[in-house]
Amino acid sequence: MKKKANFNGNNLLLVITIVLFVVMYAIGCIVYGSKGFSQFQSFLNILIGNAGLICVTCGMTCVMITGGIDISVGSLVGLDCMILAYGMEKLHWSAITAVIVVLIVGIVFGVVQGFLIGILGIQPFIITMAGLFFARGMCAVITTEMVNVANETFKKWATIKINLPFGGYVNRRGIYMAPYIRITVVIALIVVALTFILLKFTKFGRSLYAVGGNETSAKLMGLNVKMTKMKAYILSSFLCSIGGILFCMNSMTGSVAQAKGLEMEAIASAVIGGTLLTGGVGNVIGSLFGVLITGTIDALVQFNGKLLSSWSSIAVSVLLCFFIILQAIFALIKERNKA
Amino acid sequence: MENGVVLTMRGITKTFPGVKALGGVDFTLRKGEIHALMGENGAGKSTLIKVLTGVYDFENGEIHVEGIDSPIINHSTQEAQNRGISTVYQEVNLCPNLTVAENLFIGREPKKFGLIDWKTMNKKAQQIIDDLDIGIDVTVTLENYSVALQQMVAIARAVDMESKVLILDEPTSSLDDNEVEKLFGMMNRLKEQGVGIIFVTHFLEQVYAVCDRITVLRNGELVGEYPIAELPRVELVAKMMGKNFDDLASIKDADDTCIKDELIIDANGLSHKGKIKPFDLEIHKGEVIGLTGLLGSGRSELARAIYGADKAQTGTLKVNGKEVKINAPIDAMKLGMGFLPDDRKAEGVIADLSIRENIILALQAKRGVFKLIPRKEQERLAEKYIKEIQVKTASMETPISQLSGGNQQKVIIGRWLATNPDFLILDEPTRGIDIGTKTEIQKLVVKLAKEGKSVIFISSEIEEMIRTCDRMVVLRDGMKVGEISEDITQATIMKAIAGGDSNE
Amino acid sequence: MSKSANGDSFIKKLTGSKVFLPLVCLFLVILINVIKSPSFLQISINNGVLYGRLIDIANRGSEIAILAIGMTLTIAVSAGTDISVGSVMALCASCCCTTLVGYGVASANKLNYPIFIGVIVGIFVGAVCGCFNGFMVARLKVQPMVATLVLYTAARAIGLLVSNNQNTYVRVEEYKYLGNFIKIGKWECPIPTPIFVAIICVALATLFLKKTALGMYIQSVGINKNASRILGINSVLIIFVCYVICGLCAGVAGTVASSRIYSADSNNIGLNFEMDAILAVALGGNSLAGGKFSLAGSIIGAYTIQALTTTLLAFGVKTEQAPVVKAIVIVLIVVIQAPAVQNYIKNRKARKISAGGGEAVAK
């Protein structure tokens, strides 16, 4: 029997995403080319600015593949930044200690959420919403002031420039300007690569897909559904903590209002990148493009200069809404074909 | 253990609270045999299978599997699988979003350097698929293939787990003829390889097309085991349904018919893809029509298409002579229809609401949201129907979920009576109910007909229908195959249900 | 004898009531406050208006109570919460104020339109947001929380756009009436207006649920969608309507909140209110898994939350820190409601009983 067309709705979503990114970036180059949008460095700046978001989105993708969601990530990033800043500045921890503490906090946070969702089977949205408010509140418990990071080691990590051997240009004064990235980008890309391998080449990674595809089947095929779900949330919170550290390297501050609404950007990036809200489908490469799209929107709003910053969150919401509706329509069509 | 026997079950007994589901059932499966397990609703087929696969535990009896000396007791499907007993269900229990290869190997993927070795996995998977002559690409996600192919992949997975016993639980319900043909080809190949197959199905044609032996269960008891050649269809149907009339008095007097000439329902070519093929049906006022056929023959689906529970995709429907369009159940209700679905739990009761609310809801829906039935009126109605159909309850405010099955069913019948319908569809109203209540419901049907109402009555128990119905519509394999209006006896009905060359 | 029997049945009736537990919670919170500061229950009249902590709780809790009405319905009908209500409040406030003073005006002493038009615009915008959420959930069958997540982010941002990224002040005495005290001539009503608004909203909702079959429909759809369809209820429409009502409630709450501070502060109006509203429903004894609901319970829950907030603030907890406690409370409630935990408790009880029975036999 011949197989049906392999080009299904899910692939289509990914193609739409990549085309959208190219089109959006091209428009940016045409409209704001004179302001330097078309330079290679502008592209790298999008990566630098969103390194933290990339990590968070990787974790979000894993959770969403199981059919769940984690809306605590924005607040957790905020809490991470606060712990880093407060720990290094007020408690005089070394940079390494602070980083380790943050990672442990991330894991503990994930274990609690994972237990409640995976083992006790409570709706992920309720638990992670409680997590959202808990983490945000904990920021305020630590301190309600804004703390700037002045730790030398941490500053050094954050300011390392890694010059790329290609894509540079000679500026007006005749000096060669090599394009550069920061260490945050390297870490973020490593996280993407590792998550990719995890999802594609490990039993745990494939279990995530199986659970998201059909929980009953996964159970009948002998997979431990509860543990898989729990681990997904631990992974999400852990990657979120790495993202928090990267985020702090960019902002160098900790405050209660830090990274507000980041959960939305992460979910939007994952959904735009082709992760299905119903679970079972998604990959980090798509999510990376999702982040690039949301990052490009931010960059476009910034380059315009006159637009209010709230335009970018509106644009992201509209995009998210568009993709949600697309997914819903695909799902309805699929159902109709089945019946 | 006898030579060539892979599985024996002896004296299996299983009791659910208040019900004996299996009473000392024996079952024997030989090597390289396709063995049909037959029986109507509540016969105990699925309970037997679930006992075998470890979903249920059992009180008495022994299960032996070839190669294991002592009797086995499975505690989970996983354990059963490890002992060589695999099951493929009606709904494909695979992950549609993964590739065929992954579905075959999930949980035991081949690895290289600790990572999944996709190349080897795909190669091995392709080999398995090719060996069984399924002929699909294993690197494609499963959802791109038809249900039949998915089912075959599920079987391939089961076989590759080195099963000695393969249970196919109604695998053909959603397949078309071509796909069934393919599936049978595969079953025959497996049979040649020496796998013992237990085949559960409701389709008689299929049993006679592929099986070697039949075991029939009825009411949790073993009726017998027969080689296929020694059991003609009519006898099989008779054995499944049982011939014993319970000695209840006849409910209907022969001369007491009240059928009028006016048509209430006139359906022309109604159908629902994959469920019921186009059918015509006329129902007169005051007539009780029985829909008969085995489970899965389309008897529920026919009723659902008229009522709009599953919207009919083709054909026209005339109610009281006027052509109507039914898009949702409420449209049918406004035309004076009522429908008692067969799955009480999923489509009947609103579990946490009180008996009173459950009774008046349909009437309320018919009146519309803004015309709330006053509390006094609600209580009067609830009281009236609790009395009239004898619901046993302390108070009308008791949540319906606290009642027994029979009483829940009565409440739902009360719900429809409250809407004062001209035409009522009762789909298995007597399932899982004690004898006394059954008779009450039958009497009620006859009484309704006397009042000039029309009823469609669906039941697995033929004698029940013979007692109540004026005319029988016979269905087989999703199609209306005939009507019997004179000489309604068990023999004629069973002959019609069995179909084919019934002297085979 | 008969007297004690009567007493028993009274206690049984009391403890069996749906609002019993929520009332106990409220009572406990108030008790803690009274122990901390005995002046808690005092109500005095200053400058012709009522003052006191209880009045304060009743006043400040109005918005949560109004939101809780809508939230109760969405949870009951779809087992999903509408997390956009807080943001929608901010958007409604912005629309209301901008309508009254004009786009881009930071502060105005004169109005373009009568106040009631601004209020109607605010409530209307809330209803539109509700329609959007309802369409996504009911028709497109998107999970409720994801569907409302869109407006959770976007509504506040749109609010900022509408008010041109600034706090639009409406410095007109009458605009403050809705969120503070009504004055007619020289007479000033001693009771804060939001309390009246909350009472009116609750009364309207109760009336609507009791005098039409909507309440019964909502429970029916929430418990068994398929059965509801078979017996003639349009499930999609009922779910849609619930989300629209929720949007309406957010609109009313938004205009009240705006009137309190006679401005449209998109960044702060309705902040974290979605959490309070959901918590109110859960504290009211309603299951977050949908189905049967008690509006009265939710309303009591709303004031319990406000009392809790006030208590926390009285204990020196900062506003930003309060969510920590609330998050813990909500997790505790859902853990107790979780089927896995319920089964565990049931099994333990059953084991205890059987063990006890065994002992009795042994004796």
# chains A, B, ... in the order shown; residues from 1 in each chain; ligands from 1
>>> interface_residues(of="chain B", to="chain C", cutoff="7 Å", atoms="only C-alpha atoms", output="number ranges by chain")
B: 309, 329-330, 346-351, 362, 365-366, 369-372
>>> interface_residues(of="chain A", to="chain C", cutoff="8 Å", atoms="only C-alpha atoms", output="ChimeraX atom specification")
/A:116,120-122,125,127,130-131,133-141,144,261,264,308,310-311,313-314,317-318,320-321,324-325,328-329,332
>>> write_last_selection(atoms="N, CA and C atoms", output="mmCIF file, in the first residue's frame")
data_model
loop_
_atom_site.group_PDB
_atom_site.id
_atom_site.type_symbol
_atom_site.label_atom_id
_atom_site.label_comp_id
_atom_site.auth_asym_id
_atom_site.auth_seq_id
_atom_site.Cartn_x
_atom_site.Cartn_y
_atom_site.Cartn_z
ATOM 1 N N LEU A 116 3.889 17.372 41.830
ATOM 2 C CA LEU A 116 2.464 17.717 41.909
ATOM 3 C C LEU A 116 1.751 17.420 40.592
ATOM 4 N N LEU A 120 0.942 13.393 41.249
ATOM 5 C CA LEU A 120 -0.408 13.586 41.787
ATOM 6 C C LEU A 120 -1.429 13.880 40.690
ATOM 7 N N GLY A 121 -0.947 14.203 39.506
ATOM 8 C CA GLY A 121 -1.857 14.379 38.371
ATOM 9 C C GLY A 121 -2.724 15.625 38.439
ATOM 10 N N ILE A 122 -2.205 16.705 39.007
ATOM 11 C CA ILE A 122 -2.963 17.959 39.037
ATOM 12 C C ILE A 122 -2.705 18.710 37.735
ATOM 13 N N PHE A 125 -1.412 23.703 34.494
ATOM 14 C CA PHE A 125 -1.595 25.145 34.477
ATOM 15 C C PHE A 125 -1.757 25.714 35.879
ATOM 16 N N ILE A 127 -0.792 24.408 38.777
ATOM 17 C CA ILE A 127 0.423 24.289 39.582
ATOM 18 C C ILE A 127 1.468 25.308 39.144
ATOM 19 N N ALA A 130 0.605 28.745 40.209
ATOM 20 C CA ALA A 130 0.990 28.943 41.607
ATOM 21 C C ALA A 130 2.497 29.157 41.681
ATOM 22 N N GLY A 131 3.246 28.385 40.888
ATOM 23 C CA GLY A 131 4.694 28.541 40.842
ATOM 24 C C GLY A 131 5.083 29.937 40.384
ATOM 25 N N PHE A 133 3.388 32.746 40.756
ATOM 26 C CA PHE A 133 3.197 33.734 41.811
ATOM 27 C C PHE A 133 4.162 33.507 42.971
ATOM 28 N N PHE A 134 4.461 32.235 43.235
ATOM 29 C CA PHE A 134 5.372 31.919 44.325
ATOM 30 C C PHE A 134 6.755 32.509 44.044
ATOM 31 N N ALA A 135 7.274 32.240 42.844
ATOM 32 C CA ALA A 135 8.629 32.698 42.517
ATOM 33 C C ALA A 135 8.689 34.221 42.512
ATOM 34 N N ARG A 136 7.653 34.833 41.937
ATOM 35 C CA ARG A 136 7.637 36.295 41.890
ATOM 36 C C ARG A 136 7.578 36.862 43.310
ATOM 37 N N GLY A 137 6.777 36.242 44.141
ATOM 38 C CA GLY A 137 6.685 36.698 45.524
ATOM 39 C C GLY A 137 7.992 36.499 46.268
ATOM 40 N N MET A 138 8.673 35.387 45.975
ATOM 41 C CA MET A 138 9.942 35.126 46.660
ATOM 42 C C MET A 138 10.974 36.199 46.320
ATOM 43 N N CYS A 139 10.935 36.710 45.099
ATOM 44 C CA CYS A 139 11.812 37.827 44.728
ATOM 45 C C CYS A 139 11.633 38.944 45.731
ATOM 46 N N ALA A 140 10.358 39.260 45.974
ATOM 47 C CA ALA A 140 10.061 40.373 46.867
ATOM 48 C C ALA A 140 10.436 40.032 48.298
ATOM 49 N N VAL A 141 10.365 38.743 48.648
ATOM 50 C CA VAL A 141 10.758 38.349 49.996
ATOM 51 C C VAL A 141 12.252 38.586 50.175
ATOM 52 N N THR A 144 12.852 43.993 47.915
ATOM 53 C CA THR A 144 12.034 44.680 46.921
ATOM 54 C C THR A 144 12.837 45.741 46.186
ATOM 55 N N GLY A 261 6.488 38.396 32.000
ATOM 56 C CA GLY A 261 5.927 38.073 30.689
ATOM 57 C C GLY A 261 6.830 37.203 29.841
ATOM 58 N N MET A 264 5.240 34.034 28.473
ATOM 59 C CA MET A 264 4.474 34.225 27.249
ATOM 60 C C MET A 264 5.386 34.138 26.022
ATOM 61 N N LEU A 308 5.812 52.306 20.785
ATOM 62 C CA LEU A 308 5.852 51.951 22.193
ATOM 63 C C LEU A 308 6.334 50.515 22.334
ATOM 64 N N SER A 310 5.210 48.321 24.143
ATOM 65 C CA SER A 310 4.131 47.343 24.286
ATOM 66 C C SER A 310 3.719 46.764 22.940
ATOM 67 N N TRP A 311 4.110 47.466 21.848
ATOM 68 C CA TRP A 311 3.798 46.912 20.525
ATOM 69 C C TRP A 311 4.390 45.530 20.353
ATOM 70 N N SER A 313 4.963 43.192 22.572
ATOM 71 C CA SER A 313 4.221 42.091 23.210
ATOM 72 C C SER A 313 2.874 41.887 22.532
ATOM 73 N N ILE A 314 2.311 42.975 21.981
ATOM 74 C CA ILE A 314 1.064 42.794 21.228
ATOM 75 C C ILE A 314 1.335 41.954 19.982
ATOM 76 N N SER A 317 1.740 38.405 20.887
ATOM 77 C CA SER A 317 0.445 37.801 21.230
ATOM 78 C C SER A 317 -0.360 37.494 19.978
ATOM 79 N N VAL A 318 -0.344 38.450 19.042
ATOM 80 C CA VAL A 318 -1.105 38.243 17.809
ATOM 81 C C VAL A 318 -0.570 37.030 17.051
ATOM 82 N N LEU A 320 1.072 34.514 18.351
ATOM 83 C CA LEU A 320 0.717 33.313 19.111
ATOM 84 C C LEU A 320 -0.718 32.916 18.798
ATOM 85 N N CYS A 321 -1.589 33.928 18.833
ATOM 86 C CA CYS A 321 -2.999 33.699 18.572
ATOM 87 C C CYS A 321 -3.181 33.096 17.183
ATOM 88 N N ILE A 324 -2.065 29.525 17.251
ATOM 89 C CA ILE A 324 -3.013 28.693 18.012
ATOM 90 C C ILE A 324 -4.217 28.377 17.129
ATOM 91 N N ILE A 325 -4.718 29.410 16.441
ATOM 92 C CA ILE A 325 -5.887 29.195 15.596
ATOM 93 C C ILE A 325 -5.545 28.238 14.459
ATOM 94 N N ALA A 328 -5.511 24.840 15.863
ATOM 95 C CA ALA A 328 -6.871 24.394 16.163
ATOM 96 C C ALA A 328 -7.581 23.968 14.884
ATOM 97 N N ILE A 329 -7.383 24.746 13.819
ATOM 98 C CA ILE A 329 -8.046 24.418 12.556
ATOM 99 C C ILE A 329 -7.511 23.098 12.009
ATOM 100 N N LEU A 332 -9.078 20.358 13.951
ATOM 101 C CA LEU A 332 -10.481 20.132 13.598
ATOM 102 C C LEU A 332 -10.590 19.381 12.273
#
>>> closest_atom_pairs(of="chain B", to="chain A", cutoff="7 Å", atoms="only C-alpha atoms", output="JSON lines")
{"residue": "B:Gln78", "atom": "CA", "partner": "A:Gly222", "partner_atom": "CA", "distance": 6.4}
{"residue": "B:Asn93", "atom": "CA", "partner": "A:Ser217", "partner_atom": "CA", "distance": 4.7}
{"residue": "B:Leu94", "atom": "CA", "partner": "A:Ser217", "partner_atom": "CA", "distance": 5.3}
{"residue": "B:Cys95", "atom": "CA", "partner": "A:Gly213", "partner_atom": "CA", "distance": 5.2}
{"residue": "B:Pro96", "atom": "CA", "partner": "A:Gly213", "partner_atom": "CA", "distance": 6.2}
{"residue": "B:Asn97", "atom": "CA", "partner": "A:Gly213", "partner_atom": "CA", "distance": 5.5}
{"residue": "B:Gly107", "atom": "CA", "partner": "A:Leu223", "partner_atom": "CA", "distance": 6.6}
{"residue": "B:Leu115", "atom": "CA", "partner": "A:Phe201", "partner_atom": "CA", "distance": 5.2}
{"residue": "B:Ile116", "atom": "CA", "partner": "A:Phe201", "partner_atom": "CA", "distance": 4.7}
{"residue": "B:Gly135", "atom": "CA", "partner": "A:Met1", "partner_atom": "CA", "distance": 6.2}
{"residue": "B:Ile136", "atom": "CA", "partner": "A:Lys3", "partner_atom": "CA", "distance": 6.6}
{"residue": "B:Asn144", "atom": "CA", "partner": "A:Lys4", "partner_atom": "CA", "distance": 5.9}
{"residue": "B:Tyr145", "atom": "CA", "partner": "A:Lys3", "partner_atom": "CA", "distance": 6.6}
>>> select_by_dssp(residues="segment 227-408 of chain B", states="strand (DSSP E)", output="PyMOL selection string")
chain B and resi 227+263-272+276-284+288-292+314-319+322-324+337-340
>>> closest_atom_pairs(of="segment 166-258 of chain A", to="segment 60-64 of chain A", cutoff="9 Å", atoms="only C-alpha atoms", output="JSON lines")
{"residue": "A:Thr195", "atom": "CA", "partner": "A:Cys62", "partner_atom": "CA", "distance": 8.5}
{"residue": "A:Leu199", "atom": "CA", "partner": "A:Cys62", "partner_atom": "CA", "distance": 7.9}
{"residue": "A:Gly205", "atom": "CA", "partner": "A:Cys62", "partner_atom": "CA", "distance": 8.3}
{"residue": "A:Leu208", "atom": "CA", "partner": "A:Cys62", "partner_atom": "CA", "distance": 7.2}
{"residue": "A:Tyr209", "atom": "CA", "partner": "A:Cys62", "partner_atom": "CA", "distance": 8.8}
{"residue": "A:Gly212", "atom": "CA", "partner": "A:Met64", "partner_atom": "CA", "distance": 8.1}
{"residue": "A:Lys229", "atom": "CA", "partner": "A:Val63", "partner_atom": "CA", "distance": 7.8}
{"residue": "A:Ala232", "atom": "CA", "partner": "A:Val63", "partner_atom": "CA", "distance": 5.4}
{"residue": "A:Tyr233", "atom": "CA", "partner": "A:Val63", "partner_atom": "CA", "distance": 6.2}
{"residue": "A:Leu235", "atom": "CA", "partner": "A:Cys62", "partner_atom": "CA", "distance": 7.9}
{"residue": "A:Ser236", "atom": "CA", "partner": "A:Met60", "partner_atom": "CA", "distance": 5.9}
{"residue": "A:Ser237", "atom": "CA", "partner": "A:Met60", "partner_atom": "CA", "distance": 8.8}
{"residue": "A:Leu239", "atom": "CA", "partner": "A:Met60", "partner_atom": "CA", "distance": 8.8}
{"residue": "A:Cys240", "atom": "CA", "partner": "A:Met60", "partner_atom": "CA", "distance": 8.5}
>>> residues_around(residues="Phe109 of chain A", least_positions_apart="2", cutoff="10 Å", atoms="only C-alpha atoms", output="short mmCIF file (atom, residue, chain, number, x, y, z; two decimals) with C-alpha atoms, in the first residue's frame")
data_model
loop_
_atom_site.label_atom_id
_atom_site.label_comp_id
_atom_site.auth_asym_id
_atom_site.auth_seq_id
_atom_site.Cartn_x
_atom_site.Cartn_y
_atom_site.Cartn_z
CA SER A 72 6.23 29.66 35.95
CA LEU A 76 11.66 31.69 37.94
CA LEU A 103 20.87 25.73 39.48
CA ILE A 104 19.92 23.88 42.67
CA VAL A 105 16.96 26.20 43.21
CA GLY A 106 15.88 25.42 39.66
CA ILE A 107 16.03 21.67 40.22
CA VAL A 111 10.96 18.56 41.50
CA VAL A 112 8.10 20.12 43.46
CA GLN A 113 6.14 21.13 40.36
CA GLY A 114 6.92 17.82 38.66
CA GLY A 131 4.69 28.54 40.84
CA ALA A 135 8.63 32.70 42.52
CA TYR A 233 9.11 19.61 34.55
CA ILE A 234 12.42 19.18 36.34
CA SER A 236 12.15 22.70 32.24
CA SER A 237 12.95 24.37 35.55
CA PHE A 238 16.63 23.42 35.27
CA SER A 241 17.65 28.39 35.64
#
>>> atom_distance(atom1="atom CA of Val24 of chain C", atom2="atom CA of Leu271 of chain C")
27.6 Å
>>> residues_around(residues="segment 55-70 of chain B", least_positions_apart="6", cutoff="8 Å", atoms="only C-alpha atoms", output="PyMOL selection string")
chain B and resi 1+5-15+24+47+76-77+83
>>> residues_around(residues="segment 451-458 of chain B", least_positions_apart="3", cutoff="6 Å", atoms="only C-alpha atoms", output="JSON, numbers by chain")
{"B": [285, 286, 287, 288, 289, 290, 291, 422, 423, 424, 425, 426, 427, 428, 448]}
>>> write_last_selection(atoms="N, CA and C atoms", output="tab-separated table (two decimals), in the first residue's frame")
chain	number	residue	atom	x	y	z
B	285	LYS	N	-47.64	5.76	13.44
B	285	LYS	CA	-48.03	6.16	14.80
B	285	LYS	C	-48.46	4.93	15.58
B	286	GLY	N	-48.05	4.86	16.82
B	286	GLY	CA	-48.47	3.77	17.68
B	286	GLY	C	-47.77	2.47	17.41
B	287	GLU	N	-46.67	2.54	16.72
B	287	GLU	CA	-45.97	1.32	16.35
B	287	GLU	C	-44.70	1.16	17.18
B	288	VAL	N	-44.38	-0.07	17.55
B	288	VAL	CA	-43.11	-0.33	18.21
B	288	VAL	C	-42.23	-1.10	17.24
B	289	ILE	N	-41.10	-0.46	16.89
B	289	ILE	CA	-40.19	-1.07	15.94
B	289	ILE	C	-38.99	-1.60	16.70
B	290	GLY	N	-38.62	-2.83	16.44
B	290	GLY	CA	-37.42	-3.35	17.07
B	290	GLY	C	-36.27	-3.32	16.08
B	291	LEU	N	-35.13	-2.86	16.55
B	291	LEU	CA	-33.94	-2.94	15.69
B	291	LEU	C	-33.13	-4.11	16.22
B	422	ASP	N	-43.59	12.16	20.95
B	422	ASP	CA	-44.44	11.36	20.07
B	422	ASP	C	-43.69	10.13	19.61
B	423	PHE	N	-42.37	10.24	19.65
B	423	PHE	CA	-41.53	9.18	19.10
B	423	PHE	C	-40.31	9.03	19.99
B	424	LEU	N	-40.17	7.84	20.55
B	424	LEU	CA	-39.11	7.65	21.53
B	424	LEU	C	-38.18	6.54	21.05
B	425	ILE	N	-36.87	6.81	21.11
B	425	ILE	CA	-35.89	5.79	20.75
B	425	ILE	C	-35.27	5.27	22.03
B	426	LEU	N	-35.37	3.98	22.28
B	426	LEU	CA	-34.77	3.39	23.48
B	426	LEU	C	-33.67	2.44	23.04
B	427	ASP	N	-32.41	2.84	23.26
B	427	ASP	CA	-31.28	2.03	22.84
B	427	ASP	C	-30.79	1.23	24.04
B	428	GLU	N	-31.04	-0.05	24.03
B	428	GLU	CA	-30.64	-0.94	25.13
B	428	GLU	C	-31.11	-0.42	26.48
B	448	LEU	N	-46.97	2.94	26.05
B	448	LEU	CA	-46.74	4.15	25.25
B	448	LEU	C	-47.36	3.98	23.87
>>> residues_around(residues="Leu381 of chain B", least_positions_apart="5", cutoff="10 Å", atoms="only C-alpha atoms", output="list in words")
Arg356, Ile359, Ile360, Arg375, Lys376, Ile386, Lys387, Gly414, Arg415 and Ala418 of chain B
>>> closest_atom_pairs(of="segment 279-320 of chain A", to="segment 177-193 of chain A", cutoff="9 Å", atoms="only C-alpha atoms", output="CSV")
residue,atom,partner,partner_atom,distance
A:Val284,CA,A:Val192,CA,6.5
A:Ile285,CA,A:Val192,CA,7.6
A:Leu288,CA,A:Val192,CA,7.8
>>> residues_around(residues="segment 261-267 of chain B", least_positions_apart="2", cutoff="6 Å", atoms="only C-alpha atoms", output="ChimeraX atom specification")
/B:280-285,317-320
